[in-house]
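Here's structure-v8.txt, which has compact mmCIF, C-alpha atoms:
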# COMPACT_ATOMS: atom_id res chain seq x y z
CA MET L 1 90.22 83.24 78.13
CA THR L 2 90.59 86.81 76.88
CA LYS L 3 88.01 88.59 74.73
CA ILE L 4 88.41 90.25 71.33
CA ASP L 5 88.19 94.02 71.25
CA VAL L 6 86.79 95.52 68.05
CA LEU L 7 87.50 98.75 66.18
CA LEU L 8 84.92 100.00 63.67
CA GLY L 9 84.09 103.02 61.56
CA LEU L 10 80.74 104.54 62.52
CA GLN L 11 80.02 106.67 59.45
CA TRP L 12 80.58 105.92 55.75
CA GLY L 13 84.27 105.08 56.02
CA ASP L 14 87.45 107.16 56.00
CA GLU L 15 87.11 108.02 59.70
CA GLY L 16 90.79 107.39 60.47
CA LYS L 17 90.54 103.78 61.64
CA GLY L 18 94.04 102.84 60.46
CA LYS L 19 95.70 105.45 62.63
CA ILE L 20 93.69 104.46 65.70
CA VAL L 21 94.48 100.76 65.18
CA ASP L 22 98.16 101.57 64.79
CA MET L 23 98.06 103.69 67.95
CA LEU L 24 96.27 100.96 69.95
CA THR L 25 98.43 98.10 68.64
CA PRO L 26 101.12 98.25 71.39
CA GLY L 27 98.44 97.12 73.86
CA TYR L 28 97.61 93.99 71.84
CA ASP L 29 99.33 90.81 70.72
CA VAL L 30 97.29 90.27 67.56
CA ILE L 31 95.59 92.50 64.97
CA ALA L 32 93.01 90.72 62.81
CA ARG L 33 91.10 92.01 59.76
CA PHE L 34 87.64 90.45 59.55
CA ASN L 35 85.91 91.98 56.51
CA GLY L 36 86.30 93.89 53.28
CA GLY L 37 89.16 93.84 50.83
CA PRO L 38 91.15 96.21 48.61
CA ASN L 39 88.23 98.67 48.65
CA ALA L 40 89.54 99.64 52.11
CA GLY L 41 92.15 102.35 52.51
CA HIS L 42 93.59 102.62 56.01
CA THR L 43 96.06 105.51 56.22
CA ILE L 44 98.77 105.62 58.87
CA GLU L 45 101.17 108.53 59.22
CA PHE L 46 104.32 108.56 61.32
CA ASP L 47 107.89 109.89 61.03
CA GLY L 48 106.58 112.34 58.45
CA LYS L 49 105.56 109.56 56.05
CA LYS L 50 102.14 108.36 54.96
CA HIS L 51 101.38 104.65 54.59
CA VAL L 52 98.15 103.37 53.01
CA LEU L 53 97.05 99.78 53.65
CA HIS L 54 94.23 98.11 51.71
CA ILE L 55 94.21 94.42 52.62
CA ILE L 56 96.89 94.04 55.28
CA PRO L 57 96.00 94.75 58.95
CA SER L 58 97.19 98.07 60.35
CA GLY L 59 99.38 96.40 62.98
CA ILE L 60 101.88 95.32 60.33
CA PHE L 61 104.39 98.06 61.25
CA HIS L 62 104.87 96.46 64.67
CA PRO L 63 107.15 93.43 64.04
CA ASP L 64 106.38 91.81 67.39
CA LYS L 65 102.62 91.64 66.68
CA THR L 66 100.81 88.87 64.79
CA ASN L 67 98.57 90.09 61.97
CA ILE L 68 95.75 87.91 60.65
CA ILE L 69 93.70 88.22 57.47
CA GLY L 70 90.45 86.46 58.37
CA SER L 71 88.04 84.46 56.28
CA GLY L 72 85.62 87.39 55.94
CA VAL L 73 88.20 89.36 53.94
CA LEU L 74 88.79 89.34 50.17
CA ILE L 75 92.28 89.24 48.63
CA GLU L 76 93.13 90.44 45.14
CA PRO L 77 96.59 88.87 44.59
CA HIS L 78 98.13 91.58 42.40
CA ILE L 79 97.01 94.35 44.76
CA PHE L 80 98.26 92.24 47.66
CA GLN L 81 101.67 91.82 46.02
CA THR L 82 101.90 95.56 45.34
CA GLU L 83 101.12 96.24 48.98
CA ILE L 84 103.72 93.73 50.17
CA GLU L 85 106.36 95.24 47.90
CA GLY L 86 105.53 98.70 49.25
CA LEU L 87 106.09 97.42 52.77
CA GLU L 88 109.39 95.84 51.77
CA GLU L 89 110.56 99.20 50.43
CA ARG L 90 109.99 100.54 53.95
CA GLY L 91 111.97 97.68 55.47
CA VAL L 92 108.94 95.67 56.61
CA ASP L 93 109.05 91.90 56.01
CA ALA L 94 105.40 90.93 56.33
CA THR L 95 106.12 87.20 55.94
CA LYS L 96 107.36 87.23 59.55
CA ASN L 97 104.16 88.47 61.21
CA LEU L 98 101.27 88.06 58.75
CA VAL L 99 99.17 84.91 58.36
CA ILE L 100 96.18 84.35 56.07
CA SER L 101 93.06 82.27 56.53
CA LYS L 102 92.70 79.43 54.06
CA LYS L 103 89.03 80.38 53.81
CA THR L 104 89.70 83.93 52.60
CA HIS L 105 88.11 84.38 49.17
CA LEU L 106 90.03 85.55 46.11
CA ILE L 107 89.11 88.40 43.77
CA LEU L 108 89.76 87.34 40.16
CA PRO L 109 90.51 89.78 37.33
CA THR L 110 87.10 88.90 35.91
CA HIS L 111 85.46 89.88 39.21
CA ARG L 112 86.76 93.37 38.53
CA MET L 113 85.39 93.13 35.01
CA MET L 114 81.99 92.07 36.38
CA ASP L 115 82.08 95.05 38.74
CA ALA L 116 82.43 97.40 35.79
CA ALA L 117 79.79 95.51 33.77
CA ASN L 118 77.27 95.70 36.61
CA GLU L 119 77.86 99.41 37.17
CA GLN L 120 77.44 100.06 33.44
CA ALA L 121 74.20 98.10 33.38
CA LYS L 122 72.79 100.15 36.31
CA GLY L 123 73.32 103.43 34.50
CA LYS L 124 72.15 106.34 36.64
CA GLY L 125 71.31 103.89 39.44
CA LYS L 126 74.94 102.88 39.99
CA ILE L 127 76.13 102.78 43.60
CA GLY L 128 79.59 104.26 43.06
CA SER L 129 81.59 101.04 43.33
CA THR L 130 85.36 101.20 43.81
CA LEU L 131 85.56 98.72 40.89
CA LYS L 132 87.87 96.45 42.88
CA GLY L 133 85.65 93.40 42.30
CA ILE L 134 84.26 93.36 45.83
CA GLY L 135 80.56 92.85 45.06
CA PRO L 136 81.03 90.14 42.40
CA ALA L 137 83.50 88.24 44.62
CA TYR L 138 81.10 88.25 47.55
CA THR L 139 78.32 87.25 45.13
CA ASP L 140 80.31 84.17 44.12
CA LYS L 141 81.00 83.45 47.78
CA VAL L 142 77.27 83.38 48.54
CA ALA L 143 76.57 81.44 45.33
CA ARG L 144 79.19 78.88 46.44
CA THR L 145 81.24 79.23 43.28
CA GLY L 146 84.12 81.33 44.64
CA LEU L 147 87.77 80.41 44.98
CA ARG L 148 89.58 80.63 48.31
CA VAL L 149 93.19 81.07 49.36
CA GLY L 150 93.47 77.39 50.29
CA ASP L 151 92.44 76.45 46.75
CA VAL L 152 95.68 77.82 45.28
CA LEU L 153 97.48 74.79 46.76
CA ARG L 154 95.17 72.30 45.02
CA PRO L 155 96.36 70.59 41.80
CA SER L 156 92.98 71.42 40.24
CA PHE L 157 93.29 75.18 40.86
CA GLY L 158 93.99 75.97 37.19
CA SER L 159 90.82 74.29 35.95
CA LEU L 160 88.74 75.79 38.76
CA TYR L 161 90.04 79.23 37.82
CA ALA L 162 89.35 78.73 34.11
CA THR L 163 85.77 77.59 34.79
CA LEU L 164 84.95 80.61 36.93
CA LYS L 165 86.64 83.00 34.50
CA GLU L 166 84.57 81.68 31.60
CA ALA L 167 81.36 82.00 33.62
CA HIS L 168 82.19 85.65 34.30
CA LEU L 169 82.88 86.34 30.64
CA ARG L 170 79.51 84.87 29.67
CA GLN L 171 77.72 86.96 32.31
CA ALA L 172 79.44 90.18 31.22
CA ARG L 173 78.64 89.61 27.56
CA SER L 174 75.01 88.90 28.41
CA LEU L 175 74.89 92.40 29.92
CA GLY L 176 76.14 93.88 26.66
CA PHE L 177 79.58 94.61 28.13
CA ASP L 178 82.58 94.81 25.79
CA THR L 179 84.99 92.38 27.42
CA GLU L 180 87.63 92.92 24.74
CA ALA L 181 87.80 96.65 25.40
CA PHE L 182 87.85 96.27 29.20
CA ARG L 183 90.97 97.54 30.94
CA ILE L 184 92.33 97.22 34.49
CA ASP L 185 94.86 99.92 35.26
CA GLY L 186 95.25 100.42 31.53
CA LEU L 187 95.90 96.73 30.83
CA GLY L 188 93.81 94.26 28.89
CA LEU L 189 92.32 91.32 30.74
CA ASP L 190 94.90 88.76 29.60
CA GLU L 191 97.81 91.08 30.35
CA TYR L 192 96.48 91.89 33.82
CA GLU L 193 95.83 88.20 34.42
CA ARG L 194 99.58 87.53 34.13
CA LEU L 195 100.24 90.05 36.89
CA TRP L 196 97.47 88.43 38.94
CA MET L 197 99.12 85.03 38.60
CA GLN L 198 102.42 86.54 39.76
CA GLY L 199 100.50 87.82 42.76
CA LEU L 200 99.55 84.22 43.57
CA ASP L 201 103.25 83.40 43.77
CA CYS L 202 103.66 86.21 46.29
CA LEU L 203 100.65 84.93 48.23
CA ARG L 204 102.18 81.45 48.48
CA ARG L 205 105.11 82.91 50.44
CA PHE L 206 102.82 83.38 53.42
CA ARG L 207 101.55 80.92 55.97
CA PHE L 208 97.97 79.82 55.35
CA VAL L 209 96.11 78.93 58.53
CA ASP L 210 92.79 77.70 59.83
CA SER L 211 92.26 81.12 61.37
CA GLU L 212 89.15 80.20 63.36
CA TYR L 213 91.21 77.65 65.31
CA LEU L 214 94.16 80.00 65.58
CA VAL L 215 92.12 82.92 66.94
CA ASN L 216 90.34 80.79 69.51
CA GLU L 217 93.61 79.19 70.60
CA LEU L 218 95.20 82.62 70.98
CA MET L 219 92.30 83.74 73.19
CA ALA L 220 92.61 80.57 75.28
CA ASP L 221 96.32 81.36 75.72
CA GLY L 222 95.45 84.80 77.08
CA LYS L 223 96.61 86.76 74.02
CA ARG L 224 94.99 90.17 73.48
CA ILE L 225 93.35 90.53 70.07
CA LEU L 226 92.07 93.63 68.28
CA ALA L 227 89.70 93.03 65.37
CA GLU L 228 90.06 95.71 62.69
CA GLY L 229 87.00 96.57 60.62
CA ALA L 230 87.01 97.97 57.09
CA GLN L 231 84.51 100.41 55.56
CA ALA L 232 81.98 101.44 58.21
CA MET L 233 78.64 100.91 59.91
CA MET L 234 76.54 102.92 57.44
CA LEU L 235 77.92 100.79 54.59
CA ASP L 236 76.91 97.49 56.20
CA ILE L 237 75.07 95.11 53.86
CA ASP L 238 72.21 94.59 56.36
CA PHE L 239 72.01 97.78 58.42
CA GLY L 240 73.60 100.42 56.19
CA THR L 241 72.04 102.74 53.63
CA TYR L 242 71.02 99.89 51.33
CA PRO L 243 71.49 99.56 48.36
CA PHE L 244 74.29 102.13 48.59
CA VAL L 245 76.42 99.84 50.74
CA THR L 246 79.34 97.46 50.54
CA SER L 247 78.90 93.68 50.28
CA SER L 248 80.22 92.59 53.67
CA SER L 249 79.21 92.76 57.31
CA THR L 250 80.99 95.84 58.60
CA ILE L 251 79.51 95.75 62.11
CA ALA L 252 80.69 94.13 65.34
CA ALA L 253 78.67 91.00 64.54
CA GLY L 254 80.85 90.60 61.44
CA VAL L 255 83.77 89.76 63.72
CA CYS L 256 82.03 86.49 64.61
CA THR L 257 81.49 85.43 60.98
CA GLY L 258 84.72 86.96 59.67
CA LEU L 259 87.04 85.40 62.26
CA GLY L 260 85.06 82.41 63.50
CA VAL L 261 84.48 83.38 67.12
CA ALA L 262 81.45 83.25 69.40
CA PRO L 263 79.41 86.40 70.21
CA SER L 264 80.45 85.97 73.85
CA ALA L 265 84.07 86.53 72.77
CA ILE L 266 83.50 90.22 71.96
CA GLY L 267 84.89 92.65 74.53
CA ARG L 268 85.27 96.41 74.06
CA VAL L 269 83.91 98.01 70.88
CA PHE L 270 85.84 101.10 69.81
CA GLY L 271 83.93 103.29 67.35
CA VAL L 272 85.70 105.91 65.23
CA THR L 273 83.90 109.00 63.94
CA LYS L 274 85.07 112.20 62.35
CA ALA L 275 84.08 115.49 63.98
CA TYR L 276 82.18 116.07 60.72
CA CYS L 277 80.94 113.65 58.04
CA THR L 278 82.17 112.45 54.66
CA ARG L 279 80.97 110.00 52.08
CA VAL L 280 82.37 108.64 48.80
CA GLY L 281 80.10 107.58 45.96
CA SER L 282 76.34 107.64 45.67
CA GLY L 283 73.74 107.35 48.39
CA PRO L 284 71.91 109.46 50.98
CA PHE L 285 73.82 112.02 52.99
CA PRO L 286 71.39 114.28 54.89
CA THR L 287 74.00 116.71 56.24
CA GLU L 288 75.96 117.09 53.00
CA LEU L 289 77.08 120.65 52.27
CA HIS L 290 76.93 121.78 48.66
CA ASP L 291 78.34 125.22 49.44
CA ASP L 292 81.72 126.78 50.13
CA THR L 293 81.77 125.29 53.64
CA GLY L 294 81.58 121.79 52.14
CA LYS L 295 84.38 122.63 49.73
CA ARG L 296 86.40 124.05 52.61
CA LEU L 297 86.00 120.86 54.65
CA CYS L 298 87.13 118.84 51.63
CA GLU L 299 90.22 120.93 51.01
CA LEU L 300 91.29 121.43 54.63
CA GLY L 301 90.63 117.78 55.47
CA HIS L 302 92.36 116.49 52.32
CA GLU L 303 89.20 114.50 51.71
CA TYR L 304 90.22 112.36 48.78
CA GLY L 305 89.82 108.58 48.87
CA ALA L 306 92.96 106.60 49.80
CA THR L 307 91.76 103.82 47.48
CA THR L 308 89.94 105.68 44.70
CA GLY L 309 91.38 109.19 44.82
CA ARG L 310 87.84 110.53 44.47
CA ALA L 311 86.86 113.71 46.30
CA ARG L 312 84.68 112.90 49.28
CA ARG L 313 81.33 114.54 49.86
CA CYS L 314 81.48 116.56 53.09
CA GLY L 315 78.96 117.73 55.67
CA TRP L 316 78.23 118.25 59.34
CA ILE L 317 78.30 115.43 61.88
CA ASP L 318 75.07 113.38 61.89
CA LEU L 319 74.07 112.40 65.44
CA PRO L 320 70.97 110.29 64.61
CA ALA L 321 73.20 108.13 62.39
CA LEU L 322 75.94 108.08 65.03
CA ARG L 323 73.51 107.01 67.78
CA TYR L 324 72.20 104.27 65.46
CA ALA L 325 75.75 103.04 64.82
CA CYS L 326 76.54 102.99 68.53
CA MET L 327 73.34 101.04 69.25
CA VAL L 328 73.79 98.36 66.58
CA ASN L 329 77.44 97.79 67.48
CA GLY L 330 77.29 98.14 71.25
CA VAL L 331 80.00 100.80 71.10
CA THR L 332 81.75 101.28 74.43
CA ASP L 333 84.28 103.98 73.47
CA LEU L 334 84.19 106.78 70.89
CA PHE L 335 87.31 108.06 69.16
CA VAL L 336 86.72 111.41 67.44
CA THR L 337 89.08 112.37 64.61
CA LYS L 338 89.92 115.49 62.62
CA PRO L 339 88.44 118.33 64.67
CA ASP L 340 91.58 120.22 63.63
CA VAL L 341 90.09 120.51 60.12
CA MET L 342 87.58 123.00 61.60
CA ASN L 343 90.14 125.02 63.60
CA ASP L 344 89.35 128.27 61.75
CA PHE L 345 85.55 127.93 61.63
CA ASP L 346 83.56 130.65 63.44
CA GLU L 347 80.84 128.09 64.14
CA VAL L 348 80.37 124.38 63.72
CA LYS L 349 77.10 122.50 63.43
CA MET L 350 75.69 119.10 64.20
CA CYS L 351 72.53 117.37 63.04
CA THR L 352 70.45 116.37 66.07
CA ALA L 353 67.28 115.09 64.33
CA TYR L 354 65.62 114.72 60.91
CA THR L 355 62.38 115.93 59.41
CA VAL L 356 60.96 113.13 57.27
CA ASP L 357 57.67 113.73 55.43
CA GLY L 358 56.87 116.57 57.80
CA ALA L 359 57.53 114.60 61.01
CA GLU L 360 60.57 114.99 63.24
CA THR L 361 62.50 111.87 64.21
CA ASP L 362 65.86 110.96 65.71
CA ARG L 363 65.82 107.49 64.12
CA ILE L 364 67.11 106.14 60.81
CA PRO L 365 63.93 105.44 58.80
CA PHE L 366 63.56 102.53 56.40
CA GLU L 367 62.94 105.15 53.69
CA TYR L 368 66.37 106.69 54.32
CA CYS L 369 67.36 106.28 50.67
CA THR L 370 64.05 107.33 49.12
CA ALA L 371 62.44 109.96 51.37
CA ALA L 372 63.24 113.67 51.45
CA ILE L 373 65.20 114.08 54.68
CA GLU L 374 65.90 117.49 56.16
CA PRO L 375 68.51 117.69 58.94
CA LYS L 376 67.77 119.69 62.07
CA LEU L 377 71.02 121.54 62.70
CA GLU L 378 72.27 123.10 65.93
CA SER L 379 75.17 125.56 65.97
CA PHE L 380 78.12 125.65 68.34
CA PRO L 381 80.94 128.20 68.67
CA GLY L 382 84.13 127.35 66.82
CA TRP L 383 87.40 127.14 68.72
CA ARG L 384 89.26 129.45 66.34
CA CYS L 385 92.78 128.28 67.17
CA SER L 386 95.36 125.69 66.19
CA LEU L 387 95.43 122.43 68.11
CA ALA L 388 99.08 121.77 67.23
CA GLY L 389 101.21 121.04 70.25
CA THR L 390 98.29 120.33 72.57
CA GLY L 391 99.67 117.72 74.92
CA GLU L 392 96.60 116.60 76.87
CA TYR L 393 92.84 116.56 76.58
CA ALA L 394 92.27 119.11 79.35
CA SER L 395 94.35 121.65 77.40
CA LEU L 396 92.05 121.59 74.37
CA PRO L 397 90.11 124.83 73.81
CA GLY L 398 86.89 125.02 75.79
CA ALA L 399 84.69 125.32 72.70
CA LEU L 400 86.05 122.05 71.30
CA ARG L 401 85.63 120.26 74.63
CA ALA L 402 82.03 121.51 74.77
CA TYR L 403 81.43 120.19 71.24
CA LEU L 404 82.84 116.78 72.19
CA ASP L 405 80.82 116.76 75.41
CA GLU L 406 77.69 117.29 73.32
CA ILE L 407 78.55 114.29 71.16
CA GLU L 408 79.06 112.24 74.30
CA LYS L 409 75.78 113.38 75.86
CA ARG L 410 73.64 112.87 72.78
CA THR L 411 75.04 109.44 71.87
CA GLY L 412 75.19 108.13 75.42
CA VAL L 413 78.70 106.80 74.74
CA ARG L 414 81.79 108.30 76.27
CA VAL L 415 84.32 110.09 74.08
CA THR L 416 87.45 108.26 75.14
CA ALA L 417 89.91 110.14 72.95
CA VAL L 418 90.30 112.70 70.18
CA SER L 419 92.83 112.72 67.34
CA ILE L 420 94.10 116.22 66.52
CA SER L 421 96.45 115.52 63.60
CA PRO L 422 97.31 112.69 61.19
CA ASP L 423 100.34 111.70 63.29
CA ARG L 424 99.97 108.57 65.45
CA ARG L 425 101.24 110.51 68.49
CA ASP L 426 98.50 113.16 68.46
CA VAL L 427 95.73 111.21 70.20
CA LEU L 428 94.57 112.81 73.45
CA PHE L 429 92.70 110.66 75.95
CA LYS L 430 89.79 112.04 77.95
CA HIS L 431 89.22 108.71 79.68
CA ALA L 432 91.55 105.79 80.31
CA LEU L 433 90.69 102.75 78.23
CA VAL L 434 88.71 100.15 80.16
CA GLN L 435 90.45 96.82 79.60

This structure in structure tokens:
Amino acid sequence: MTKIDVLLGLQWGDEGKGKIVDMLTPGYDVIARFNGGPNAGHTIEFDGKKHVLHIIPSGIFHPDKTNIIGSGVLIEPHIFQTEIEGLEERGVDATKNLVISKKTHLILPTHRMMDAANEQAKGKGKIGSTLKGIGPAYTDKVARTGLRVGDVLRPSFGSLYATLKEAHLRQARSLGFDTEAFRIDGLGLDEYERLWMQGLDCLRRFRFVDSEYLVNELMADGKRILAEGAQAMMLDIDFGTYPFVTSSSTIAAGVCTGLGVAPSAIGRVFGVTKAYCTRVGSGPFPTELHDDTGKRLCELGHEYGATTGRARRCGWIDLPALRYACMVNGVTDLFVTKPDVMNDFDEVKMCTAYTVDGAETDRIPFEYCTAAIEPKLESFPGWRCSLAGTGEYASLPGALRAYLDEIEKRTGVRVTAVSISPDRRDVLFKHALVQ
């Protein structure tokens, strides 16, 4: 029986996971999403075109690969339909190589309304939600009131939907939220609901499966599976910067609950990190730069959310957080992305420790979201040249290789490869992948 390899983001998302999954896909038979929903934005660029995926696994552009949406994922039918139609415009027929777990939960239009109502009620304490209905849908999942993909085939689906919708409306009104004025993409709730129902028709075109059986059978048949994570380690509901986190398990352990496999089934764990750091929304960010360097990283790195369009907060790479992410996930291989953004920097910096309440530490403290944290920064020479056209790792400028070596030394995890442009071809391997 083969094992499942896992690919995860190790920061606060937007590390370039989609590109790395797409690049790794030829070595696998199956790509499986295990968490998150339309709050994800996995960008893949090839043949001069950019493709952004939110719900669908990043292996979808390879017609000979099976793609699975696992039970730990959330599907919003209208967003799903829009994504499917976008693929069809590019000549991709996803019905041929995408299957969906019957246990995948649905995001209702009123989940998105509840998202907005909850953020409004929090006022200044809001977490910076994407307003895609993620939190409320996972709340209903835990409360055992949610609707799942398999439910759309039940004769009673209409009444189940109406009951949950009414419960959401009552909750929103109790928070003082104006449900009549609420808009989704400029549409009133009833109008958007019609589009959502059309999305269900699109969803029914796909094969619904008992994905836990399917995945385990594929492993028993010797098929190679790559589990694709959404969001990132520092947004994990249990081990991230709570409460400024997402609502799902974004770590390697989430593969077990999101796909229905045993812990012993996990093989390699590929962790993706930028050569610097970004974050969208509220929450702690010790290395954030509020100066021209931060603005420069944002502009040169095109740091705007693929899902929200919001400008990302930018700062230096945070090694205490990266070590923590590697520890919790058992990362075996690091993929470093976007060093090319800093090609023209005279110097680059990394955070090697924190000062918390006057004491130095290299650990993530429980008080991460409440204490005053000062990063200890160390400077390294910039490489001051373009990386375009570099064909192999050994040809990278010495200053960049020294910077990557430092990441490797301080995390204790080997840097397997570095991505030097958005294109899927520009990934240079320092080490061969251990299969």

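The residues that lie within 8 Å of the point (81.7, 97.4, 56.6), counting all atoms listed in the file, are L:Gly9, L:Asn35, L:Gly36, L:Gly229, L:Ala230, L:Gln231, L:Ala232, L:Met233, L:Met234, L:Leu235, L:Asp236, L:Ile237, L:Thr246, L:Ser247, L:Ser248, L:Ser249, L:Thr250, L:Ile251.
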
Using only C-alpha atoms, determine which residues lie at most 6 Å from Ile31 in chain L, disregarding the query and same-chain residues fewer than 3 positions distant; provide the list as a ChimeraX atom specification. /L:59,67,225-227

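When only C-alpha atoms are used to compute distances to Ala311 in chain L, the closest of the residues L:Gln11, L:Thr82, L:Leu334, L:Val280 turns out to be L:Val280.
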
Residues near Asp405 in chain L, cut-off 12 Å, only C-alpha atoms, skip fewer than 2 positions along chain, as a PyMOL selection string: chain L and resi 275+334+336+380+398-403+407-418+430

Considering only C-alpha atoms, return as a JSON list (two decimals) with C-alpha atoms, in the frame of the given file whatever protein or nucleic-acid residues lie within 9 Å of range 105-107 of chain L, sequence-local ones (same chain, fewer than 6 positions apart) excluded.
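Final output, out-v1.json:
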[["chain", "number", "residue", "atom", "x", "y", "z"],
["L", 37, "GLY", "CA", 89.16, 93.84, 50.83],
["L", 71, "SER", "CA", 88.04, 84.46, 56.28],
["L", 72, "GLY", "CA", 85.62, 87.39, 55.94],
["L", 73, "VAL", "CA", 88.20, 89.36, 53.94],
["L", 74, "LEU", "CA", 88.79, 89.34, 50.17],
["L", 75, "ILE", "CA", 92.28, 89.24, 48.63],
["L", 76, "GLU", "CA", 93.13, 90.44, 45.14],
["L", 77, "PRO", "CA", 96.59, 88.87, 44.59],
["L", 132, "LYS", "CA", 87.87, 96.45, 42.88],
["L", 133, "GLY", "CA", 85.65, 93.40, 42.30],
["L", 134, "ILE", "CA", 84.26, 93.36, 45.83],
["L", 136, "PRO", "CA", 81.03, 90.14, 42.40],
["L", 137, "ALA", "CA", 83.50, 88.24, 44.62],
["L", 138, "TYR", "CA", 81.10, 88.25, 47.55],
["L", 141, "LYS", "CA", 81.00, 83.45, 47.78],
["L", 146, "GLY", "CA", 84.12, 81.33, 44.64],
["L", 147, "LEU", "CA", 87.77, 80.41, 44.98],
["L", 148, "ARG", "CA", 89.58, 80.63, 48.31],
["L", 149, "VAL", "CA", 93.19, 81.07, 49.36],
["L", 150, "GLY", "CA", 93.47, 77.39, 50.29]]
